[in-house]
file query.txt (compact mmCIF, C-alpha atoms)
# COMPACT_ATOMS: atom_id res chain seq x y z
CA MET B 1 0.00 0.00 0.00
CA GLN B 2 1.40 3.39 -0.97
CA SER B 3 0.83 6.52 1.07
CA TRP B 4 0.07 9.73 -0.78
CA ALA B 5 -0.80 13.07 0.78
CA VAL B 6 -2.46 16.28 -0.31
CA LEU B 7 -1.30 19.44 1.46
CA GLN B 8 -4.04 21.93 2.23
CA PHE B 9 -3.60 25.64 2.80
CA PRO B 10 -6.23 28.26 3.46
CA GLY B 11 -7.26 29.16 -0.09
CA SER B 12 -6.31 25.87 -1.77
CA ASN B 13 -9.05 25.03 -4.25
CA SER B 14 -7.75 22.03 -6.16
CA ASP B 15 -7.19 20.04 -2.99
CA HIS B 16 -10.31 17.93 -3.44
CA ASP B 17 -9.61 17.35 -7.13
CA ALA B 18 -6.14 16.12 -6.16
CA PHE B 19 -7.58 13.95 -3.40
CA ARG B 20 -10.16 12.46 -5.76
CA ALA B 21 -7.58 11.84 -8.46
CA ALA B 22 -5.19 10.07 -6.08
CA SER B 23 -8.00 8.13 -4.43
CA ARG B 24 -8.83 6.29 -7.62
CA VAL B 25 -5.32 4.82 -7.90
CA PRO B 26 -5.35 1.18 -6.72
CA ASN B 27 -3.37 0.44 -3.57
CA VAL B 28 -2.95 4.09 -2.66
CA ARG B 29 -4.05 5.55 0.62
CA VAL B 30 -4.48 9.33 0.54
CA ASP B 31 -4.25 11.68 3.51
CA MET B 32 -5.29 15.31 3.57
CA LEU B 33 -2.69 17.27 5.54
CA TRP B 34 -3.39 20.70 6.95
CA HIS B 35 -0.42 23.05 6.49
CA ASP B 36 0.10 23.88 10.15
CA GLN B 37 1.80 20.57 11.04
CA PRO B 38 5.21 19.32 9.92
CA ILE B 39 5.02 16.36 7.52
CA GLU B 40 6.12 13.02 8.98
CA LYS B 41 9.51 12.37 7.49
CA SER B 42 9.38 8.94 5.89
CA LYS B 43 5.65 8.41 5.72
CA TYR B 44 4.69 9.48 2.19
CA ASP B 45 5.59 8.22 -1.27
CA VAL B 46 3.89 11.15 -2.99
CA ILE B 47 3.00 14.60 -1.65
CA MET B 48 0.68 16.72 -3.79
CA ILE B 49 0.67 20.48 -3.33
CA PRO B 50 -2.54 21.54 -5.03
CA GLY B 51 -3.58 24.65 -6.88
CA GLY B 52 -5.60 27.54 -5.61
CA PHE B 53 -4.88 30.85 -3.96
CA SER B 54 -3.05 29.93 -0.78
CA PHE B 55 -3.36 32.74 1.75
CA GLY B 56 -5.24 34.73 -0.88
CA ASP B 57 -2.08 35.03 -3.01
CA TYR B 58 -1.30 37.98 -0.74
CA LEU B 59 2.13 39.55 -1.18
CA ARG B 60 3.06 37.15 -4.02
CA ALA B 61 1.54 33.80 -4.97
CA GLY B 62 3.01 31.23 -2.58
CA ALA B 63 5.02 33.75 -0.54
CA ILE B 64 3.13 33.21 2.70
CA ALA B 65 2.47 29.50 2.26
CA LYS B 66 6.22 28.85 2.14
CA LEU B 67 6.36 29.75 5.85
CA SER B 68 3.96 26.98 6.92
CA PRO B 69 5.33 24.22 9.17
CA ALA B 70 4.43 21.65 6.48
CA MET B 71 6.65 23.46 3.98
CA GLY B 72 9.41 23.76 6.55
CA SER B 73 9.52 19.98 6.76
CA LEU B 74 9.10 19.25 3.05
CA LEU B 75 12.79 19.18 2.12
CA GLU B 76 13.50 16.49 4.73
CA ALA B 77 10.58 14.42 3.47
CA VAL B 78 11.87 14.68 -0.10
CA GLU B 79 15.38 13.72 0.88
CA ALA B 80 13.93 10.71 2.68
CA GLY B 81 12.14 9.60 -0.50
CA ALA B 82 8.92 11.56 -1.04
CA HIS B 83 8.04 12.62 -4.60
CA VAL B 84 6.41 16.03 -4.52
CA ILE B 85 4.15 17.30 -7.28
CA GLY B 86 3.32 21.01 -7.00
CA ILE B 87 0.50 21.98 -9.32
CA CYS B 88 -0.18 25.63 -10.27
CA ASN B 89 -0.24 27.44 -6.92
CA GLY B 90 1.67 24.43 -5.57
CA PHE B 91 4.37 25.15 -8.16
CA GLN B 92 4.37 28.81 -7.07
CA ILE B 93 4.87 27.71 -3.45
CA LEU B 94 7.82 25.48 -4.43
CA LEU B 95 9.43 28.41 -6.26
CA GLU B 96 8.91 30.80 -3.36
CA SER B 97 10.44 28.16 -1.07
CA ARG B 98 13.47 28.06 -3.41
CA LEU B 99 13.11 24.31 -3.74
CA LEU B 100 12.83 24.89 -7.49
CA PRO B 101 14.56 27.71 -9.39
CA GLY B 102 12.98 30.67 -11.15
CA ILE B 103 9.84 32.75 -10.85
CA LEU B 104 6.32 32.90 -12.21
CA GLN B 105 5.40 36.28 -13.58
CA VAL B 106 2.07 37.57 -14.79
CA ASN B 107 1.09 36.01 -18.14
CA LYS B 108 2.46 37.76 -21.18
CA GLY B 109 -1.01 38.89 -22.28
CA LEU B 110 -1.89 39.97 -18.70
CA LYS B 111 -5.02 37.83 -18.80
CA PHE B 112 -6.12 34.96 -16.64
CA ILE B 113 -6.03 31.99 -19.02
CA SER B 114 -8.35 29.04 -18.50
CA ARG B 115 -8.30 26.48 -21.30
CA MET B 116 -6.91 23.15 -22.47
CA GLU B 117 -3.29 23.13 -23.58
CA GLU B 118 -1.27 20.42 -25.24
CA CYS B 119 1.90 19.61 -23.32
CA GLU B 120 4.78 17.41 -24.41
CA VAL B 121 7.00 15.30 -22.17
CA LYS B 122 10.61 16.35 -22.71
CA THR B 123 12.60 14.34 -20.19
CA GLU B 124 12.43 11.38 -17.91
CA ALA B 125 11.09 12.38 -14.49
CA PHE B 126 10.63 9.51 -12.06
CA PRO B 127 7.95 8.52 -11.13
CA TRP B 128 5.90 10.73 -13.45
CA PHE B 129 7.52 10.13 -16.84
CA ALA B 130 9.68 7.26 -18.02
CA LYS B 131 12.08 7.29 -20.95
CA GLU B 132 9.43 5.87 -23.26
CA ASP B 133 7.11 8.77 -22.38
CA ILE B 134 9.44 11.34 -23.97
CA GLY B 135 7.56 12.92 -26.86
CA ARG B 136 4.19 11.89 -25.47
CA LYS B 137 1.55 14.60 -25.54
CA PHE B 138 -1.00 15.26 -22.82
CA ARG B 139 -3.98 17.60 -23.00
CA PHE B 140 -4.17 19.32 -19.63
CA PRO B 141 -6.21 22.33 -18.50
CA ILE B 142 -4.41 25.46 -17.38
CA ALA B 143 -6.01 28.15 -15.21
CA HIS B 144 -3.71 30.91 -14.08
CA ARG B 145 -2.69 34.56 -14.30
CA PHE B 146 0.81 34.07 -12.92
CA GLY B 147 2.08 31.22 -15.08
CA ASN B 148 4.79 32.93 -17.08
CA TYR B 149 7.77 30.89 -15.93
CA GLN B 150 11.13 32.64 -16.08
CA VAL B 151 14.50 31.30 -15.13
CA LYS B 152 18.01 32.44 -16.06
CA ASP B 153 19.18 29.02 -16.99
CA LEU B 154 18.17 25.59 -15.90
CA ASP B 155 21.12 23.71 -14.41
CA ARG B 156 20.67 20.48 -16.34
CA SER B 157 22.74 18.48 -13.87
CA GLU B 158 19.98 18.95 -11.30
CA MET B 159 16.88 20.27 -13.09
CA GLN B 160 14.98 18.81 -15.99
CA PRO B 161 12.64 20.68 -18.35
CA ALA B 162 10.11 17.87 -17.95
CA LEU B 163 7.03 19.30 -19.66
CA VAL B 164 6.64 21.98 -22.36
CA TYR B 165 3.62 23.64 -23.97
CA GLN B 166 3.05 23.07 -27.66
CA ASN B 167 1.72 26.64 -28.04
CA ASN B 168 3.30 28.68 -25.29
CA PRO B 169 0.19 30.37 -23.83
CA ASN B 170 1.78 32.64 -21.24
CA GLY B 171 5.28 33.59 -22.41
CA SER B 172 7.19 31.02 -20.35
CA PHE B 173 10.92 30.61 -20.93
CA GLN B 174 11.44 27.87 -23.53
CA SER B 175 7.68 27.14 -23.36
CA LEU B 176 8.23 25.40 -20.03
CA ALA B 177 5.08 24.05 -18.40
CA GLY B 178 6.83 21.98 -15.73
CA ILE B 179 10.28 21.41 -14.28
CA TYR B 180 11.63 18.47 -12.35
CA ARG B 181 14.35 18.14 -9.78
CA LYS B 182 15.79 14.94 -8.35
CA LEU B 183 16.70 15.48 -4.71
CA GLY B 184 18.03 12.89 -2.28
CA LYS B 185 15.87 9.79 -2.56
CA GLY B 186 12.90 11.82 -3.75
CA SER B 187 12.03 14.50 -6.26
CA LEU B 188 10.15 17.72 -6.89
CA PHE B 189 7.95 18.27 -9.93
CA GLY B 190 6.43 21.72 -10.38
CA LEU B 191 3.96 22.39 -13.19
CA MET B 192 1.28 24.90 -14.11
CA PRO B 193 -1.19 22.56 -15.88
CA HIS B 194 -3.77 20.65 -13.83
CA PRO B 195 -3.69 16.88 -14.48
CA GLU B 196 -5.88 16.35 -11.39
CA ARG B 197 -8.73 18.14 -13.16
CA VAL B 198 -8.81 15.61 -16.01
CA SER B 199 -8.81 12.45 -13.95
CA HIS B 200 -12.45 11.45 -13.72
CA SER B 201 -15.17 10.21 -16.00
CA ASP B 202 -17.29 13.23 -15.08
CA GLN B 203 -14.55 15.59 -16.24
CA PRO B 204 -14.25 16.67 -19.88
CA ALA B 205 -10.95 14.86 -20.55
CA HIS B 206 -9.00 12.10 -18.85
CA ASP B 207 -5.33 12.54 -19.66
CA GLY B 208 -4.47 12.92 -15.99
CA ILE B 209 -5.47 9.39 -15.04
CA ASP B 210 -2.46 7.88 -16.76
CA LEU B 211 -0.08 10.12 -14.88
CA TRP B 212 -1.29 8.89 -11.48
CA LEU B 213 -1.56 5.24 -12.49
CA GLN B 214 1.89 5.17 -14.08
CA ALA B 215 3.50 6.95 -11.13
CA SER B 216 2.01 4.50 -8.69
CA LYS B 217 3.11 1.55 -10.85
CA ARG B 218 6.69 2.82 -11.11
CA LEU B 219 6.85 3.52 -7.38
CA ALA B 220 5.69 -0.02 -6.66
CA ALA B 221 8.21 -1.60 -9.05
CA MET D 1 20.61 47.35 35.52
CA GLU D 2 18.49 49.84 33.76
CA GLY D 3 16.02 48.36 31.25
CA LYS D 4 16.44 49.53 27.67
CA THR D 5 13.70 51.71 26.30
CA LEU D 6 12.74 50.91 22.75
CA LYS D 7 11.86 53.71 20.39
CA THR D 8 9.31 53.59 17.62
CA PHE D 9 10.49 54.06 14.06
CA LYS D 10 8.71 54.31 10.74
CA LEU D 11 10.25 52.61 7.77
CA SER D 12 9.48 52.69 4.12
CA ILE D 13 10.51 49.61 2.15
CA ARG D 14 10.45 49.98 -1.61
CA ILE D 15 10.42 46.84 -3.75
CA ARG D 16 11.20 47.02 -7.43
CA PHE D 17 11.85 44.56 -10.24
CA LYS D 18 15.51 43.96 -10.98
CA GLU D 19 16.80 45.34 -14.21
CA GLY D 20 16.09 43.04 -17.10
CA ILE D 21 12.94 41.56 -15.55
CA LEU D 22 10.04 42.28 -17.86
CA ASP D 23 6.96 43.69 -16.18
CA PRO D 24 3.99 43.18 -18.52
CA GLU D 25 1.76 45.27 -16.25
CA ALA D 26 4.07 48.29 -16.45
CA GLU D 27 4.29 47.79 -20.23
CA ALA D 28 0.50 47.85 -20.48
CA ILE D 29 0.31 51.04 -18.39
CA LEU D 30 2.97 52.66 -20.57
CA SER D 31 1.10 51.89 -23.76
CA ALA D 32 -2.16 53.18 -22.22
CA LEU D 33 -0.42 56.44 -21.24
CA ASN D 34 1.03 56.70 -24.74
CA ARG D 35 -2.45 56.27 -26.21
CA LEU D 36 -3.56 59.32 -24.20
CA GLU D 37 -1.77 62.61 -24.71
CA PHE D 38 1.39 61.33 -22.96
CA SER D 39 3.33 60.16 -25.96
CA ASN D 40 6.51 61.60 -24.47
CA ILE D 41 6.45 59.17 -21.52
CA LYS D 42 9.10 56.62 -22.39
CA SER D 43 9.03 54.17 -19.53
CA VAL D 44 6.97 53.12 -16.53
CA ALA D 45 7.96 51.00 -13.54
CA CYS D 46 5.49 49.84 -10.89
CA ASP D 47 7.24 49.75 -7.53
CA ARG D 48 5.66 48.53 -4.36
CA VAL D 49 6.08 50.34 -1.04
CA PHE D 50 5.53 48.87 2.39
CA ARG D 51 5.28 51.27 5.34
CA LEU D 52 6.23 49.67 8.64
CA GLU D 53 6.15 50.89 12.19
CA LEU D 54 8.50 49.04 14.49
CA GLU D 55 10.31 49.26 17.80
CA ALA D 56 14.09 49.22 18.01
CA ASP D 57 16.96 50.52 20.13
CA ASP D 58 18.03 53.00 17.50
CA ALA D 59 17.67 53.91 13.84
CA ASN D 60 20.42 51.54 12.71
CA GLN D 61 18.76 48.59 14.34
CA ALA D 62 15.39 49.61 12.88
CA ILE D 63 16.86 49.69 9.40
CA ALA D 64 18.61 46.35 9.93
CA LEU D 65 15.30 44.79 10.99
CA GLY D 66 13.57 46.30 7.97
CA ARG D 67 16.24 44.89 5.68
CA LYS D 68 15.83 41.44 7.18
CA ALA D 69 12.04 41.59 6.77
CA ALA D 70 12.47 42.58 3.12
CA HIS D 71 15.07 39.89 2.55
CA ASP D 72 13.12 37.09 4.25
CA LEU D 73 9.63 37.82 3.01
CA LEU D 74 8.64 41.14 1.45
CA ALA D 75 10.84 40.84 -1.63
CA ASN D 76 11.54 37.84 -3.85
CA LEU D 77 15.24 38.33 -4.44
CA VAL D 78 15.18 36.26 -7.61
CA MET D 79 13.34 39.08 -9.35
CA GLU D 80 13.22 42.04 -6.97
CA ASP D 81 15.53 44.51 -5.23
CA PHE D 82 14.60 46.56 -2.21
CA GLU D 83 15.52 49.81 -0.48
CA VAL D 84 14.84 50.55 3.17
CA GLU D 85 14.50 54.14 4.37
CA LEU D 86 13.55 55.80 7.62
CA ALA D 87 10.33 57.70 7.06
CA SER D 88 9.83 60.96 8.84

call {"tool": "encode", "arguments": {"input": "query.txt", "output": "structure tokens"}}
result
Amino acid sequence: MQSWAVLQFPGSNSDHDAFRAASRVPNVRVDMLWHDQPIEKSKYDVIMIPGGFSFGDYLRAGAIAKLSPAMGSLLEAVEAGAHVIGICNGFQILLESRLLPGILQVNKGLKFISRMEECEVKTEAFPWFAKEDIGRKFRFPIAHRFGNYQVKDLDRSEMQPALVYQNNPNGSFQSLAGIYRKLGKGSLFGLMPHPERVSHSDQPAHDGIDLWLQASKRLAA
Amino acid sequence: MEGKTLKTFKLSIRIRFKEGILDPEAEAILSALNRLEFSNIKSVACDRVFRLELEADDANQAIALGRKAAHDLLANLVMEDFEVELAS
């Protein structure tokens, strides 16, 4: 049985989508974790940091959430073997925590963009993407105003440009939709698109399901 | 021993984008100004100012505290610089 967790902050709004998505993976137990407690070090295989507007996006998106006790303990959990996926606001929190490099600026067109985008897998990123997934295209929804990812240069020894947009919707550097970092026994994957919102039969598309099923399979192997 | 009396200081902390960081919002404001009768305005920057009131032994300590607050939270040093000033 694998243990997955969803971190909740005041203002998270994709927490239940993430919970629902993870709950349909066989042999996975999912916990909801409130942000005000440190995360138990070796308990979780996967930790999902969901989208939303943590702490109202006050100051900067993710700037206040990074100070939560759960975030303070995240690095240790990753080093011990947890694989973190930070989606949208979760990605913003990982950047503000400096666990991933770069920043998310306001979209190039200044608008909030909510639509489906085609994303291509660029690199291996255990447990999310295997070598044979490179070149695979997913259709994921995006919904953000601050999704314009900028970074000076991605240190390829540590960071991987895991996921790119086919039609860069927000002006991101090298069309990056998600970046991946291997760290200790675990990893960090930050992305703007929302695979957890296309993971159910009652949702308009289902490309997210594969991501969760494959990750769980690779973690079990 | 005599207890120290703390004084109250007012600080102004100005946050601005580092040079080379594109600010699409400032660009949009510039083009709106240019569409009005302000065609001679050549650039716009949107800074952010925080006004703090804090207690410290002296002005130097107040500024040092302000700098630490800006460094740790108020500014994102990847993209922003800050200046701390005593406000009158």

call {"tool": "atom_distance", "arguments": {"input": "query.txt", "atom1": "CA of Ser12 (chain D)", "atom2": "CA of Val106 (chain B)"}}
result
25.3 Å

call {"tool": "closest_residue", "arguments": {"input": "query.txt", "among": "B:Cys88, B:Val198, B:Ile209, B:Ile134", "to": "Ala177 (chain B)", "atoms": "all atoms listed in the file"}}
result
B:Cys88

call {"tool": "closest_residue", "arguments": {"input": "query.txt", "among": "B:Asp210, B:Glu96, B:Glu79, B:Glu120", "to": "Ile64 (chain B)", "atoms": "all atoms listed in the file"}}
result
B:Glu96

call {"tool": "closest_residue", "arguments": {"input": "query.txt", "among": "B:Ala21, B:Ala130, B:Val151, B:Met192", "to": "Gln174 (chain B)", "atoms": "only C-alpha atoms"}}
result
B:Val151

call {"tool": "atom_distance", "arguments": {"input": "query.txt", "atom1": "CA of Lys42 (chain D)", "atom2": "CA of Ala28 (chain D)"}}
result
12.4 Å

call {"tool": "atom_distance", "arguments": {"input": "query.txt", "atom1": "CA of Ala22 (chain B)", "atom2": "CA of Ile179 (chain B)"}}
result
20.9 Å

call {"tool": "closest_atom_pairs", "arguments": {"input": "query.txt", "of": "chain D", "to": "chain B", "cutoff": "7 Å", "atoms": "only C-alpha atoms", "output": "Markdown table"}}
result
| residue | atom | partner | partner_atom | distance |
| --- | --- | --- | --- | --- |
| D:Pro24 | CA | B:Lys108 | CA | 6.2 |
| D:Glu25 | CA | B:Leu110 | CA | 6.9 |
| D:Val78 | CA | B:Gly102 | CA | 7.0 |

call {"tool": "residues_around", "arguments": {"input": "query.txt", "residues": "Val164 (chain B)", "least_positions_apart": "5", "cutoff": "7 Å", "atoms": "all atoms listed in the file", "output": "PDB file with C-alpha atoms, in the frame of the given file"}}
result
ATOM      1  CA  CYS B 119       1.900  19.610 -23.320  1.00  0.00           C
ATOM      2  CA  GLU B 120       4.780  17.410 -24.410  1.00  0.00           C
ATOM      3  CA  VAL B 121       7.000  15.300 -22.170  1.00  0.00           C
ATOM      4  CA  LYS B 122      10.610  16.350 -22.710  1.00  0.00           C
ATOM      5  CA  SER B 175       7.680  27.140 -23.360  1.00  0.00           C
ATOM      6  CA  LEU B 176       8.230  25.400 -20.030  1.00  0.00           C
ATOM      7  CA  ALA B 177       5.080  24.050 -18.400  1.00  0.00           C
ATOM      8  CA  GLY B 178       6.830  21.980 -15.730  1.00  0.00           C
TER       9      GLY B 178
END

call {"tool": "residues_near_point", "arguments": {"input": "query.txt", "point": "(15.2, 49.4, 10.7)", "cutoff": "12 Å", "atoms": "all atoms listed in the file", "output": "number ranges by chain"}}
result
D: 7-13, 51-70, 83-87

call {"tool": "closest_residue", "arguments": {"input": "query.txt", "among": "D:Leu6, D:Leu33, D:Met79, D:Leu74", "to": "Phe50 (chain D)", "atoms": "all atoms listed in the file"}}
result
D:Leu74

call {"tool": "closest_residue", "arguments": {"input": "query.txt", "among": "B:Met116, B:Pro50, B:Lys131, B:His144", "to": "Ala205 (chain B)", "atoms": "all atoms listed in the file"}}
result
B:Met116

call {"tool": "residues_around", "arguments": {"input": "query.txt", "residues": "region 38-44 of chain B", "least_positions_apart": "3", "cutoff": "9 Å", "atoms": "only C-alpha atoms", "output": "PDB file with C-alpha atoms, keeping the file's coordinate frame"}}
result
ATOM      1  CA  GLN B   2       1.400   3.390  -0.970  1.00  0.00           C
ATOM      2  CA  SER B   3       0.830   6.520   1.070  1.00  0.00           C
ATOM      3  CA  TRP B   4       0.070   9.730  -0.780  1.00  0.00           C
ATOM      4  CA  ALA B   5      -0.800  13.070   0.780  1.00  0.00           C
ATOM      5  CA  LEU B  33      -2.690  17.270   5.540  1.00  0.00           C
ATOM      6  CA  HIS B  35      -0.420  23.050   6.490  1.00  0.00           C
ATOM      7  CA  ILE B  47       3.000  14.600  -1.650  1.00  0.00           C
ATOM      8  CA  SER B  68       3.960  26.980   6.920  1.00  0.00           C
ATOM      9  CA  PRO B  69       5.330  24.220   9.170  1.00  0.00           C
ATOM     10  CA  ALA B  70       4.430  21.650   6.480  1.00  0.00           C
ATOM     11  CA  MET B  71       6.650  23.460   3.980  1.00  0.00           C
ATOM     12  CA  GLY B  72       9.410  23.760   6.550  1.00  0.00           C
ATOM     13  CA  SER B  73       9.520  19.980   6.760  1.00  0.00           C
ATOM     14  CA  LEU B  74       9.100  19.250   3.050  1.00  0.00           C
ATOM     15  CA  GLU B  76      13.500  16.490   4.730  1.00  0.00           C
ATOM     16  CA  ALA B  77      10.580  14.420   3.470  1.00  0.00           C
ATOM     17  CA  VAL B  78      11.870  14.680  -0.100  1.00  0.00           C
ATOM     18  CA  GLU B  79      15.380  13.720   0.880  1.00  0.00           C
ATOM     19  CA  ALA B  80      13.930  10.710   2.680  1.00  0.00           C
ATOM     20  CA  GLY B  81      12.140   9.600  -0.500  1.00  0.00           C
ATOM     21  CA  ALA B  82       8.920  11.560  -1.040  1.00  0.00           C
ATOM     22  CA  HIS B  83       8.040  12.620  -4.600  1.00  0.00           C
TER      23      HIS B  83
END

call {"tool": "closest_residue", "arguments": {"input": "query.txt", "among": "B:Arg136, B:Lys182, B:Arg29, B:His194", "to": "Val84 (chain B)", "atoms": "all atoms listed in the file"}}
result
B:Lys182

call {"tool": "residues_around", "arguments": {"input": "query.txt", "residues": "Asp207 (chain B)", "least_positions_apart": "2", "cutoff": "10 Å", "atoms": "only C-alpha atoms", "output": "VMD selection string"}}
result
chain B and resid 137 to 141 195 to 200 204 to 205 209 to 212

call {"tool": "build_atoms", "arguments": {"input": "query.txt", "residues": "region 58-82 of chain B", "atoms": "N, CA and C atoms", "output": "short mmCIF file (atom, residue, chain, number, x, y, z; two decimals), in the coordinates of the input"}}
result
data_model
loop_
_atom_site.label_atom_id
_atom_site.label_comp_id
_atom_site.auth_asym_id
_atom_site.auth_seq_id
_atom_site.Cartn_x
_atom_site.Cartn_y
_atom_site.Cartn_z
N TYR B 58 -1.77 36.68 -1.26
CA TYR B 58 -1.30 37.98 -0.74
C TYR B 58 0.21 38.05 -0.84
N LEU B 59 0.70 39.25 -1.01
CA LEU B 59 2.13 39.55 -1.18
C LEU B 59 2.61 39.07 -2.55
N ARG B 60 2.80 37.78 -2.72
CA ARG B 60 3.06 37.15 -4.02
C ARG B 60 2.48 35.75 -3.90
N ALA B 61 2.09 35.16 -5.03
CA ALA B 61 1.54 33.80 -4.97
C ALA B 61 2.55 32.87 -4.31
N GLY B 62 2.15 32.22 -3.25
CA GLY B 62 3.01 31.23 -2.58
C GLY B 62 3.94 31.80 -1.53
N ALA B 63 4.01 33.13 -1.43
CA ALA B 63 5.02 33.75 -0.54
C ALA B 63 4.73 33.50 0.93
N ILE B 64 3.46 33.40 1.29
CA ILE B 64 3.13 33.21 2.70
C ILE B 64 3.04 31.72 3.02
N ALA B 65 2.57 30.95 2.05
CA ALA B 65 2.47 29.50 2.26
C ALA B 65 3.84 28.87 2.53
N LYS B 66 4.89 29.46 1.96
CA LYS B 66 6.22 28.85 2.14
C LYS B 66 6.63 28.84 3.61
N LEU B 67 5.99 29.66 4.44
CA LEU B 67 6.36 29.75 5.85
C LEU B 67 5.63 28.73 6.73
N SER B 68 4.73 27.96 6.14
CA SER B 68 3.96 26.98 6.92
C SER B 68 4.86 25.86 7.44
N PRO B 69 4.55 25.34 8.63
CA PRO B 69 5.33 24.22 9.17
C PRO B 69 5.43 23.04 8.19
N ALA B 70 4.37 22.77 7.45
CA ALA B 70 4.43 21.65 6.48
C ALA B 70 5.52 21.91 5.45
N MET B 71 5.61 23.14 4.97
CA MET B 71 6.65 23.46 3.98
C MET B 71 8.03 23.41 4.60
N GLY B 72 8.12 23.81 5.86
CA GLY B 72 9.41 23.76 6.55
C GLY B 72 9.97 22.35 6.65
N SER B 73 9.07 21.36 6.61
CA SER B 73 9.52 19.98 6.76
C SER B 73 9.58 19.25 5.42
N LEU B 74 9.23 19.93 4.35
CA LEU B 74 9.10 19.25 3.05
C LEU B 74 10.45 18.74 2.52
N LEU B 75 11.47 19.56 2.65
CA LEU B 75 12.79 19.18 2.12
C LEU B 75 13.26 17.86 2.73
N GLU B 76 13.09 17.73 4.04
CA GLU B 76 13.50 16.49 4.73
C GLU B 76 12.71 15.30 4.20
N ALA B 77 11.42 15.51 3.98
CA ALA B 77 10.58 14.42 3.47
C ALA B 77 11.03 14.00 2.08
N VAL B 78 11.40 14.99 1.26
CA VAL B 78 11.87 14.68 -0.10
C VAL B 78 13.18 13.91 -0.04
N GLU B 79 14.09 14.40 0.78
CA GLU B 79 15.38 13.72 0.88
C GLU B 79 15.21 12.28 1.35
N ALA B 80 14.19 12.06 2.17
CA ALA B 80 13.93 10.71 2.68
C ALA B 80 13.20 9.84 1.65
N GLY B 81 12.73 10.45 0.55
CA GLY B 81 12.14 9.60 -0.50
C GLY B 81 10.78 10.02 -1.03
N ALA B 82 10.23 11.14 -0.54
CA ALA B 82 8.92 11.56 -1.04
C ALA B 82 9.07 12.22 -2.42
#
